[in-house]
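This is start39.cif. It holds mmCIF, C-alpha atoms and all ligand atoms.
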data_coords
#
loop_
_atom_site.label_atom_id
_atom_site.label_comp_id
_atom_site.auth_asym_id
_atom_site.auth_seq_id
_atom_site.Cartn_x
_atom_site.Cartn_y
_atom_site.Cartn_z
CA MET A 1 -95.46 -33.84 -68.62
CA ILE A 2 -96.23 -30.48 -70.27
CA ARG A 3 -93.19 -28.24 -70.78
CA SER A 4 -93.06 -24.57 -71.78
CA VAL A 5 -90.60 -24.52 -74.67
CA VAL A 6 -89.01 -21.39 -76.17
CA ARG A 7 -90.18 -20.96 -79.78
CA GLY A 8 -88.86 -17.47 -80.46
CA ILE A 9 -87.03 -14.51 -79.02
CA GLY A 10 -86.80 -10.82 -79.88
CA SER A 11 -85.72 -7.47 -78.51
CA ALA A 12 -86.04 -3.75 -79.10
CA LEU A 13 -83.96 -0.77 -78.01
CA PRO A 14 -84.58 2.99 -78.20
CA ARG A 15 -82.77 4.76 -81.05
CA ARG A 16 -80.70 7.06 -78.85
CA ILE A 17 -77.51 5.79 -77.22
CA MET A 18 -76.17 7.71 -74.26
CA LYS A 19 -72.47 7.10 -73.48
CA ASN A 20 -70.92 7.48 -70.01
CA ALA A 21 -69.08 10.61 -71.17
CA ASP A 22 -72.44 12.25 -71.95
CA PHE A 23 -73.09 12.48 -68.17
CA GLU A 24 -69.89 14.38 -67.51
CA GLY A 25 -71.42 17.84 -67.96
CA MET A 26 -74.67 16.90 -66.18
CA VAL A 27 -73.53 15.47 -62.83
CA GLU A 28 -70.16 15.07 -61.09
CA THR A 29 -69.06 11.75 -62.55
CA SER A 30 -66.69 10.24 -65.11
CA ASP A 31 -66.63 7.52 -67.71
CA GLU A 32 -63.88 5.88 -65.65
CA TRP A 33 -65.92 5.79 -62.41
CA ILE A 34 -69.02 4.35 -64.12
CA ALA A 35 -67.07 1.75 -66.12
CA GLN A 36 -64.91 0.63 -63.18
CA ARG A 37 -67.69 0.42 -60.59
CA THR A 38 -70.39 -1.06 -62.80
CA GLY A 39 -69.04 -2.24 -66.19
CA ILE A 40 -71.57 0.07 -67.93
CA ARG A 41 -70.28 1.99 -70.97
CA GLN A 42 -73.54 3.08 -72.60
CA ARG A 43 -77.32 2.74 -72.34
CA HIS A 44 -80.29 3.43 -74.65
CA ILE A 45 -82.67 6.23 -73.65
CA ALA A 46 -86.24 6.41 -74.96
CA ALA A 47 -87.43 9.44 -76.95
CA ASP A 48 -90.92 10.86 -76.27
CA ASP A 49 -92.45 8.59 -78.92
CA GLU A 50 -90.79 5.47 -77.48
CA THR A 51 -92.67 3.98 -74.53
CA THR A 52 -92.83 0.75 -72.55
CA ALA A 53 -95.74 -0.26 -74.80
CA SER A 54 -94.03 0.60 -78.10
CA LEU A 55 -90.75 -1.08 -77.13
CA GLY A 56 -92.64 -4.11 -75.78
CA GLU A 57 -94.66 -4.32 -78.98
CA ALA A 58 -91.50 -4.19 -81.12
CA ALA A 59 -89.82 -6.92 -79.04
CA ALA A 60 -93.00 -9.03 -79.21
CA ARG A 61 -93.21 -8.68 -83.00
CA ALA A 62 -89.54 -9.69 -83.31
CA ALA A 63 -90.10 -12.76 -81.08
CA LEU A 64 -93.20 -13.75 -83.08
CA ALA A 65 -91.30 -13.41 -86.38
CA ASN A 66 -88.45 -15.48 -84.92
CA ALA A 67 -90.99 -18.17 -83.92
CA GLY A 68 -92.74 -18.07 -87.31
CA LEU A 69 -96.01 -17.22 -85.52
CA THR A 70 -98.54 -14.39 -85.60
CA PRO A 71 -100.51 -12.69 -82.80
CA ASP A 72 -103.41 -15.03 -83.70
CA ASP A 73 -101.37 -17.93 -82.32
CA ILE A 74 -100.92 -16.35 -78.86
CA ASP A 75 -103.29 -17.01 -75.94
CA LEU A 76 -101.72 -14.87 -73.22
CA ILE A 77 -99.32 -11.93 -72.85
CA VAL A 78 -97.45 -11.48 -69.58
CA LEU A 79 -95.56 -8.19 -69.41
CA ALA A 80 -92.95 -7.65 -66.72
CA THR A 81 -92.60 -3.93 -66.09
CA SER A 82 -92.33 -1.33 -63.33
CA THR A 83 -92.69 1.56 -65.78
CA PRO A 84 -96.15 1.04 -67.34
CA ASN A 85 -97.53 3.53 -69.86
CA ASN A 86 -100.41 4.30 -67.47
CA THR A 87 -101.27 3.42 -63.88
CA PHE A 88 -104.03 1.37 -65.52
CA PRO A 89 -105.00 -0.40 -67.74
CA ALA A 90 -102.15 -2.88 -67.84
CA THR A 91 -99.60 -2.06 -70.54
CA ALA A 92 -99.81 -5.74 -71.55
CA VAL A 93 -103.38 -5.08 -72.71
CA GLU A 94 -102.18 -2.05 -74.69
CA ILE A 95 -99.56 -4.26 -76.35
CA GLN A 96 -102.27 -6.86 -77.04
CA ASN A 97 -104.26 -4.11 -78.80
CA ARG A 98 -101.21 -2.83 -80.72
CA LEU A 99 -100.62 -6.40 -81.94
CA GLY A 100 -104.23 -6.53 -83.18
CA MET A 101 -105.07 -9.39 -80.80
CA ARG A 102 -108.83 -9.60 -80.21
CA HIS A 103 -108.78 -12.85 -78.23
CA GLY A 104 -106.99 -14.24 -75.19
CA PHE A 105 -105.86 -12.18 -72.21
CA ALA A 106 -102.96 -10.07 -70.99
CA PHE A 107 -101.65 -8.71 -67.71
CA ASP A 108 -98.66 -6.93 -66.17
CA MET A 109 -96.36 -8.33 -63.48
CA GLN A 110 -94.51 -6.06 -61.09
CA ALA A 111 -91.38 -7.51 -59.53
CA VAL A 112 -88.99 -4.75 -60.64
CA CYS A 113 -85.67 -6.19 -61.89
CA SER A 114 -86.84 -9.76 -61.12
CA GLY A 115 -89.95 -9.21 -63.25
CA PHE A 116 -88.90 -11.32 -66.21
CA VAL A 117 -87.93 -14.29 -64.03
CA TYR A 118 -91.30 -14.01 -62.24
CA ALA A 119 -93.10 -13.67 -65.60
CA VAL A 120 -91.47 -16.74 -67.17
CA THR A 121 -92.35 -18.76 -64.05
CA THR A 122 -95.95 -17.49 -64.19
CA ALA A 123 -96.31 -18.19 -67.92
CA ASP A 124 -94.97 -21.70 -67.34
CA LEU A 125 -97.68 -22.33 -64.73
CA TYR A 126 -100.45 -21.03 -67.04
CA ILE A 127 -99.17 -23.40 -69.74
CA LYS A 128 -98.87 -26.35 -67.32
CA GLY A 129 -102.32 -25.54 -65.92
CA GLY A 130 -103.82 -25.71 -69.41
CA LEU A 131 -105.02 -22.09 -69.49
CA ALA A 132 -102.73 -21.16 -72.38
CA LYS A 133 -100.84 -22.98 -75.09
CA ARG A 134 -98.67 -20.16 -76.35
CA VAL A 135 -97.58 -17.21 -74.24
CA LEU A 136 -95.70 -14.03 -75.08
CA VAL A 137 -93.50 -13.16 -72.11
CA ILE A 138 -92.20 -9.61 -72.38
CA GLY A 139 -89.88 -7.50 -70.23
CA SER A 140 -90.13 -3.83 -71.19
CA GLU A 141 -88.97 -0.77 -69.29
CA THR A 142 -88.45 2.97 -69.63
CA PHE A 143 -86.57 3.61 -66.37
CA SER A 144 -85.26 6.89 -67.83
CA ARG A 145 -88.72 8.33 -67.02
CA ILE A 146 -88.40 7.63 -63.25
CA LEU A 147 -84.77 8.66 -62.77
CA ASP A 148 -83.69 11.73 -60.86
CA TRP A 149 -81.30 13.10 -63.49
CA SER A 150 -79.50 15.19 -60.87
CA ASP A 151 -78.63 12.16 -58.68
CA ARG A 152 -75.32 10.74 -59.92
CA SER A 153 -75.63 7.67 -57.70
CA THR A 154 -78.61 6.37 -59.75
CA CYS A 155 -79.01 8.21 -63.07
CA VAL A 156 -75.87 6.67 -64.61
CA LEU A 157 -76.97 3.10 -63.89
CA PHE A 158 -80.20 2.55 -65.79
CA GLY A 159 -81.36 2.32 -69.41
CA ASP A 160 -84.46 1.54 -71.49
CA GLY A 161 -85.31 -1.45 -73.67
CA ALA A 162 -87.40 -4.59 -74.13
CA GLY A 163 -87.07 -8.31 -74.78
CA ALA A 164 -89.63 -11.03 -75.41
CA LEU A 165 -89.95 -14.80 -75.58
CA VAL A 166 -92.64 -17.00 -77.10
CA LEU A 167 -93.26 -20.04 -74.90
CA GLU A 168 -95.28 -22.98 -76.24
CA ALA A 169 -96.68 -26.11 -74.59
CA GLU A 170 -94.92 -29.32 -75.63
CA GLU A 171 -95.12 -32.84 -74.22
CA GLY A 172 -91.90 -33.76 -72.38
CA GLN A 173 -90.63 -36.81 -70.51
CA GLY A 174 -90.50 -35.05 -67.13
CA THR A 175 -86.69 -35.21 -66.96
CA ILE A 176 -84.09 -32.48 -67.22
CA ALA A 177 -83.31 -33.73 -70.72
CA ASP A 178 -86.60 -32.05 -71.78
CA ARG A 179 -86.54 -28.73 -73.57
CA GLY A 180 -88.36 -25.86 -71.87
CA VAL A 181 -88.67 -24.45 -68.37
CA LEU A 182 -87.30 -27.07 -65.95
CA ALA A 183 -87.32 -25.42 -62.52
CA ALA A 184 -87.64 -22.11 -60.74
CA SER A 185 -87.07 -20.54 -57.35
CA LEU A 186 -88.70 -17.21 -56.43
CA ARG A 187 -88.28 -15.09 -53.30
CA SER A 188 -89.27 -11.70 -51.91
CA ASP A 189 -88.67 -9.86 -48.65
CA GLY A 190 -90.35 -6.49 -47.99
CA THR A 191 -88.13 -5.57 -45.05
CA HIS A 192 -85.66 -4.21 -47.62
CA LYS A 193 -88.15 -1.81 -49.28
CA ASP A 194 -86.29 1.39 -48.34
CA LYS A 195 -83.05 0.27 -50.03
CA LEU A 196 -84.55 0.45 -53.53
CA TYR A 197 -87.91 2.03 -54.25
CA VAL A 198 -89.73 4.81 -56.11
CA ASP A 199 -90.84 7.70 -53.88
CA GLY A 200 -94.25 8.14 -55.49
CA GLY A 201 -97.37 6.26 -56.47
CA PRO A 202 -101.12 6.66 -57.08
CA SER A 203 -102.15 5.70 -53.54
CA THR A 204 -99.54 7.75 -51.68
CA THR A 205 -98.27 10.92 -53.34
CA GLY A 206 -100.44 10.84 -56.44
CA THR A 207 -97.27 11.33 -58.47
CA VAL A 208 -95.06 8.96 -60.45
CA GLY A 209 -92.00 9.59 -58.26
CA HIS A 210 -88.29 8.95 -58.70
CA LEU A 211 -86.07 5.94 -58.13
CA LYS A 212 -84.15 5.96 -54.85
CA MET A 213 -81.42 3.44 -54.11
CA GLU A 214 -78.85 2.76 -51.41
CA GLY A 215 -76.54 1.11 -53.92
CA ARG A 216 -73.98 -0.17 -51.46
CA GLU A 217 -76.72 -1.83 -49.34
CA VAL A 218 -78.30 -3.48 -52.41
CA PHE A 219 -74.88 -4.68 -53.52
CA LYS A 220 -74.25 -6.24 -50.07
CA HIS A 221 -77.37 -8.42 -50.33
CA ALA A 222 -77.31 -9.17 -54.07
CA VAL A 223 -74.69 -11.92 -54.34
CA GLY A 224 -76.03 -13.96 -51.39
CA MET A 225 -79.63 -13.74 -52.61
CA ILE A 226 -78.76 -14.64 -56.20
CA THR A 227 -76.63 -17.61 -55.21
CA ASP A 228 -79.30 -18.91 -52.76
CA VAL A 229 -81.99 -19.25 -55.44
CA ILE A 230 -79.60 -20.75 -57.98
CA GLU A 231 -78.40 -23.30 -55.42
CA ASP A 232 -82.08 -24.12 -54.77
CA VAL A 233 -82.58 -24.77 -58.51
CA PHE A 234 -79.40 -26.88 -58.58
CA ALA A 235 -80.75 -28.92 -55.63
CA GLN A 236 -84.20 -29.35 -57.27
CA THR A 237 -82.74 -30.63 -60.55
CA GLY A 238 -79.32 -32.16 -59.85
CA VAL A 239 -77.82 -29.71 -62.35
CA SER A 240 -74.44 -28.24 -61.33
CA ALA A 241 -72.28 -25.29 -62.33
CA ASP A 242 -70.30 -27.70 -64.53
CA THR A 243 -73.31 -29.08 -66.43
CA LEU A 244 -74.79 -25.63 -67.05
CA ASP A 245 -74.13 -24.24 -70.53
CA TRP A 246 -75.02 -20.58 -69.98
CA PHE A 247 -75.55 -18.23 -67.05
CA VAL A 248 -77.79 -15.29 -68.04
CA PRO A 249 -77.93 -12.96 -65.04
CA HIS A 250 -79.72 -9.69 -64.42
CA GLN A 251 -77.45 -6.94 -65.76
CA ALA A 252 -77.07 -4.44 -62.91
CA ASN A 253 -73.36 -4.49 -62.24
CA LYS A 254 -70.51 -6.54 -63.75
CA ARG A 255 -68.97 -6.90 -60.28
CA ILE A 256 -72.18 -8.57 -58.98
CA ILE A 257 -72.25 -10.91 -62.00
CA ASP A 258 -68.59 -11.87 -61.52
CA ALA A 259 -68.92 -12.38 -57.76
CA SER A 260 -72.08 -14.53 -58.16
CA ALA A 261 -70.51 -16.70 -60.88
CA LYS A 262 -67.36 -17.12 -58.78
CA LYS A 263 -69.29 -18.10 -55.63
CA LEU A 264 -71.30 -20.66 -57.63
CA GLY A 265 -68.23 -22.04 -59.46
CA ILE A 266 -69.67 -21.04 -62.85
CA ALA A 267 -66.88 -20.50 -65.40
CA GLU A 268 -66.46 -16.87 -66.46
CA ASP A 269 -66.97 -17.64 -70.16
CA LYS A 270 -70.43 -19.12 -69.46
CA ALA A 271 -71.76 -15.77 -68.17
CA VAL A 272 -73.61 -13.65 -70.72
CA VAL A 273 -72.76 -9.99 -70.04
CA THR A 274 -74.50 -7.09 -71.79
CA VAL A 275 -74.40 -4.50 -69.00
CA HIS A 276 -71.71 -2.56 -70.92
CA LEU A 277 -74.19 -2.08 -73.80
CA HIS A 278 -77.55 -1.59 -72.08
CA GLY A 279 -76.92 -0.58 -68.45
CA ASN A 280 -79.54 -1.84 -66.00
CA THR A 281 -82.83 -2.18 -67.90
CA SER A 282 -84.67 -3.81 -64.96
CA ALA A 283 -87.18 -6.43 -66.20
CA ALA A 284 -85.82 -6.14 -69.76
CA SER A 285 -82.24 -6.99 -68.86
CA VAL A 286 -82.49 -10.80 -68.85
CA PRO A 287 -84.39 -11.10 -72.17
CA LEU A 288 -82.07 -8.51 -73.77
CA ALA A 289 -79.04 -10.55 -72.66
CA LEU A 290 -80.70 -13.79 -73.83
CA SER A 291 -81.53 -12.21 -77.16
CA THR A 292 -77.94 -11.03 -77.62
CA ALA A 293 -76.48 -14.47 -76.88
CA VAL A 294 -78.98 -16.23 -79.17
CA ALA A 295 -78.36 -13.75 -82.01
CA ASP A 296 -74.57 -14.15 -81.83
CA GLY A 297 -74.85 -17.95 -81.83
CA ARG A 298 -73.74 -18.66 -78.27
CA ILE A 299 -77.04 -20.07 -76.96
CA LYS A 300 -78.23 -22.97 -79.15
CA LYS A 301 -81.11 -25.43 -79.14
CA GLY A 302 -80.63 -27.96 -76.32
CA ASP A 303 -78.39 -25.74 -74.16
CA LEU A 304 -79.02 -25.60 -70.42
CA VAL A 305 -79.52 -21.96 -69.42
CA MET A 306 -79.82 -20.41 -65.94
CA LEU A 307 -81.62 -17.07 -65.66
CA GLU A 308 -81.45 -15.01 -62.47
CA ALA A 309 -82.42 -11.59 -61.21
CA MET A 310 -82.58 -9.53 -58.04
CA GLY A 311 -84.17 -6.14 -57.48
CA GLY A 312 -86.49 -3.79 -55.62
CA GLY A 313 -88.77 -5.25 -52.98
CA PHE A 314 -86.43 -7.02 -52.53
CA THR A 315 -87.45 -9.65 -55.05
CA TRP A 316 -85.16 -12.30 -56.45
CA GLY A 317 -85.36 -15.55 -58.38
CA ALA A 318 -83.84 -18.02 -60.80
CA VAL A 319 -85.21 -20.11 -63.68
CA LEU A 320 -83.52 -23.09 -65.32
CA LEU A 321 -84.53 -23.89 -68.88
CA ARG A 322 -83.29 -25.97 -71.75
CA TRP A 323 -83.24 -23.87 -74.92
O1 LIG B 401 -81.18 -3.77 -60.40
C1 LIG B 401 -81.48 -3.77 -59.05
C2 LIG B 401 -80.32 -4.11 -58.27
N1 LIG B 401 -79.41 -2.99 -58.19
C3 LIG B 401 -78.15 -3.26 -58.06
O2 LIG B 401 -77.78 -4.40 -58.07
C4 LIG B 401 -77.21 -2.13 -57.78
C5 LIG B 401 -76.28 -2.56 -56.69
N2 LIG B 401 -75.29 -1.58 -56.33
C6 LIG B 401 -74.25 -1.25 -57.15
O3 LIG B 401 -74.15 -1.69 -58.24
C7 LIG B 401 -73.19 -0.36 -56.58
O4 LIG B 401 -73.35 -0.24 -55.18
C8 LIG B 401 -73.16 1.05 -57.22
C9 LIG B 401 -72.66 0.97 -58.63
C10 LIG B 401 -74.54 1.67 -57.18
C11 LIG B 401 -72.19 1.95 -56.44
O5 LIG B 401 -70.91 1.36 -56.40
P1 LIG B 401 -70.13 1.24 -55.01
O6 LIG B 401 -68.81 0.69 -55.30
O7 LIG B 401 -71.01 0.51 -54.05
O8 LIG B 401 -69.95 2.74 -54.63
P2 LIG B 401 -70.53 3.53 -53.35
O9 LIG B 401 -72.00 3.65 -53.39
O10 LIG B 401 -69.90 2.93 -52.14
O11 LIG B 401 -69.89 4.97 -53.60
C12 LIG B 401 -68.49 5.19 -53.59
C13 LIG B 401 -68.22 6.66 -53.86
C14 LIG B 401 -69.06 7.57 -52.98
O12 LIG B 401 -68.26 8.66 -52.62
P3 LIG B 401 -67.58 8.72 -51.15
O13 LIG B 401 -68.75 8.64 -50.18
O14 LIG B 401 -66.69 7.53 -51.06
O15 LIG B 401 -66.88 10.03 -51.16
C15 LIG B 401 -70.16 8.05 -53.90
O16 LIG B 401 -70.66 9.32 -53.53
O17 LIG B 401 -68.58 6.98 -55.21
C16 LIG B 401 -69.44 8.13 -55.22
N3 LIG B 401 -70.33 8.03 -56.38
C17 LIG B 401 -69.96 8.46 -57.60
N4 LIG B 401 -68.83 9.02 -58.05
C18 LIG B 401 -68.76 9.31 -59.35
C19 LIG B 401 -71.58 7.52 -56.45
N5 LIG B 401 -72.04 7.61 -57.71
C20 LIG B 401 -71.06 8.20 -58.44
C21 LIG B 401 -70.93 8.53 -59.80
N6 LIG B 401 -69.77 9.08 -60.21
N7 LIG B 401 -71.91 8.31 -60.69
#
Turn this file's structure into structure tokens for me.
Amino acid sequence: MIRSVVRGIGSALPRRIMKNADFEGMVETSDEWIAQRTGIRQRHIAADDETTASLGEAAARAALANAGLTPDDIDLIVLATSTPNNTFPATAVEIQNRLGMRHGFAFDMQAVCSGFVYAVTTADLYIKGGLAKRVLVIGSETFSRILDWSDRSTCVLFGDGAGALVLEAEEGQGTIADRGVLAASLRSDGTHKDKLYVDGGPSTTGTVGHLKMEGREVFKHAVGMITDVIEDVFAQTGVSADTLDWFVPHQANKRIIDASAKKLGIAEDKAVVTVHLHGNTSAASVPLALSTAVADGRIKKGDLVMLEAMGGGFTWGAVLLRW
């Protein structure tokens, strides 16, 4: 059986760090409120010359270097983003151009914060279907561009950044002892659109719009949705909370991460948490967390890793892979 095995990982963050205290003169908030309610202490904010394409390119180059590969070795780029450089063409194609790739193909995926989980699952199917041997899967976002900076209930929560993986086809045995993507569970439900959306778009207002969120409502649904898809992956594979090595969740709120891990019986020290460093970077949050835990030596070759995310749509999903 063909497996999609991780060959390399990389990330990129804007130069500027914005601390919680930096909001104190802008909106009625405090470092204490933000840290207590969310776990966030700082986030990176893109300068004018830092875009979804430039951050995605930097993360892609880092992942390629980590894999010991060049753009010539890549067949496909899948970019998870909700903040593309332009309405069209796909920012993935712009990244392809920036990498000097004159072969293969590239496209964007839009599943908001679940984008990276959707993109890994999609890349895995392209590899299994024989359409690509090596895929760059990127999550890159500049949510700072779609925030209403006068709305304290949203502007303190999000940040910018990018992460990337190189996946490569490898023959496996078809068991969960294989390296690579082992199982996935994806869901969406449009009845929740009004709880988290952007109030603009090319076909409606003709503007980019700003992010709107009923945070408490999203919070109410998050834990149940996250645990449902992870339990589905557990059921598909026979893997349990005990046999899992690492839990790499979407980084929206430390309280959501803790509650999900607790409900699933996943030990606290198996959860990779980077929300204090990056805030919520939407589709970039899972690869940024993965990248952090690989760089500091926690995630090692052969480890069983569960990725999960939940976001606007609603969309949600989980992917199990062996590093
Ligand atoms: O990535 C996509 C998925 N998104 C998420 O998972 C986000 C899910 N939601 C959350 O993480 C949380 O709901 C928030 C962090 C957004 C909010 O935390 P909460 O504990 O649910 O607070 P709340 O919305 O119930 O607000 C509590 C109070 C309110 O004041 P009143 O009505 O009690 O007087 C808010 O107006 O906190 C107030 N508030 C703030 N106060 C200081 C809201 N934002 C702020 C702020 N600083 N930045």
Discussion item. At a cut-off of 7 Å and counting all atoms listed in the file, what residues surround ligand LIG 401 (chain B)? Please answer as number ranges by chain.
Written reply: A: 28-30, 33-34, 37-38, 113, 152-154, 156, 215-219, 222, 252-253, 280, 282, 310-312
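For the choices A:Ala65, A:Ala35, A:Val6, A:Thr315, the atom-to-atom distance to Thr191 of chain A is smallest for A:Thr315 when using all atoms listed in the file.
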Discussion item. Could you list, as a PyMOL selection string, every residue within 8 Å of Met18 of chain A, counting all atoms listed in the file and ignoring same-chain residues fewer than 3 positions away?
Written reply: chain A and resi 22+42-45
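Using only C-alpha atoms, the protein and nucleic acid residues lying no more than 7 Å from Val305 of chain A, apart from those fewer than 3 places from it along its own chain, are Leu244, Asp245, Trp246, Phe247, Leu320, Leu321, Arg322 and Trp323 of chain A.
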Worksheet item: Do you have the atom CA of Ser185 of chain A-atom CA of Glu214 of chain A distance handy?
Response: 25.4 Å
Sel. within 12 Å of pt (-89.3, -32.4, -72.9), counting only C-alpha atoms, output as a CSV table (one decimal) with C-alpha atoms, in the frame of the given file:
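And here is the file that came out, result-v3.csv:
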chain,number,residue,atom,x,y,z
A,1,MET,CA,-95.5,-33.8,-68.6
A,2,ILE,CA,-96.2,-30.5,-70.3
A,3,ARG,CA,-93.2,-28.2,-70.8
A,4,SER,CA,-93.1,-24.6,-71.8
A,5,VAL,CA,-90.6,-24.5,-74.7
A,6,VAL,CA,-89.0,-21.4,-76.2
A,168,GLU,CA,-95.3,-23.0,-76.2
A,169,ALA,CA,-96.7,-26.1,-74.6
A,170,GLU,CA,-94.9,-29.3,-75.6
A,171,GLU,CA,-95.1,-32.8,-74.2
A,172,GLY,CA,-91.9,-33.8,-72.4
A,173,GLN,CA,-90.6,-36.8,-70.5
A,174,GLY,CA,-90.5,-35.0,-67.1
A,175,THR,CA,-86.7,-35.2,-67.0
A,176,ILE,CA,-84.1,-32.5,-67.2
A,177,ALA,CA,-83.3,-33.7,-70.7
A,178,ASP,CA,-86.6,-32.0,-71.8
A,179,ARG,CA,-86.5,-28.7,-73.6
A,180,GLY,CA,-88.4,-25.9,-71.9
A,181,VAL,CA,-88.7,-24.4,-68.4
A,182,LEU,CA,-87.3,-27.1,-66.0
A,302,GLY,CA,-80.6,-28.0,-76.3
A,321,LEU,CA,-84.5,-23.9,-68.9
A,322,ARG,CA,-83.3,-26.0,-71.8
A,323,TRP,CA,-83.2,-23.9,-74.9
Discussion item. My list of candidates is A:Lys212, A:Arg187, A:Lys270, A:Arg134. Which is closest to Val319 of chain A when distances are computed with only C-alpha atoms?
Written reply: A:Arg187
Fill in: Non-local contacts of Gly159 of chain A (10 Å; all atoms listed in the file; under 2 positions in same chain excluded) as a PyMOL selection string
chain A and resi 13-14+17-18+42-46+141-145+147+155-157+161+275+277-282+284-285
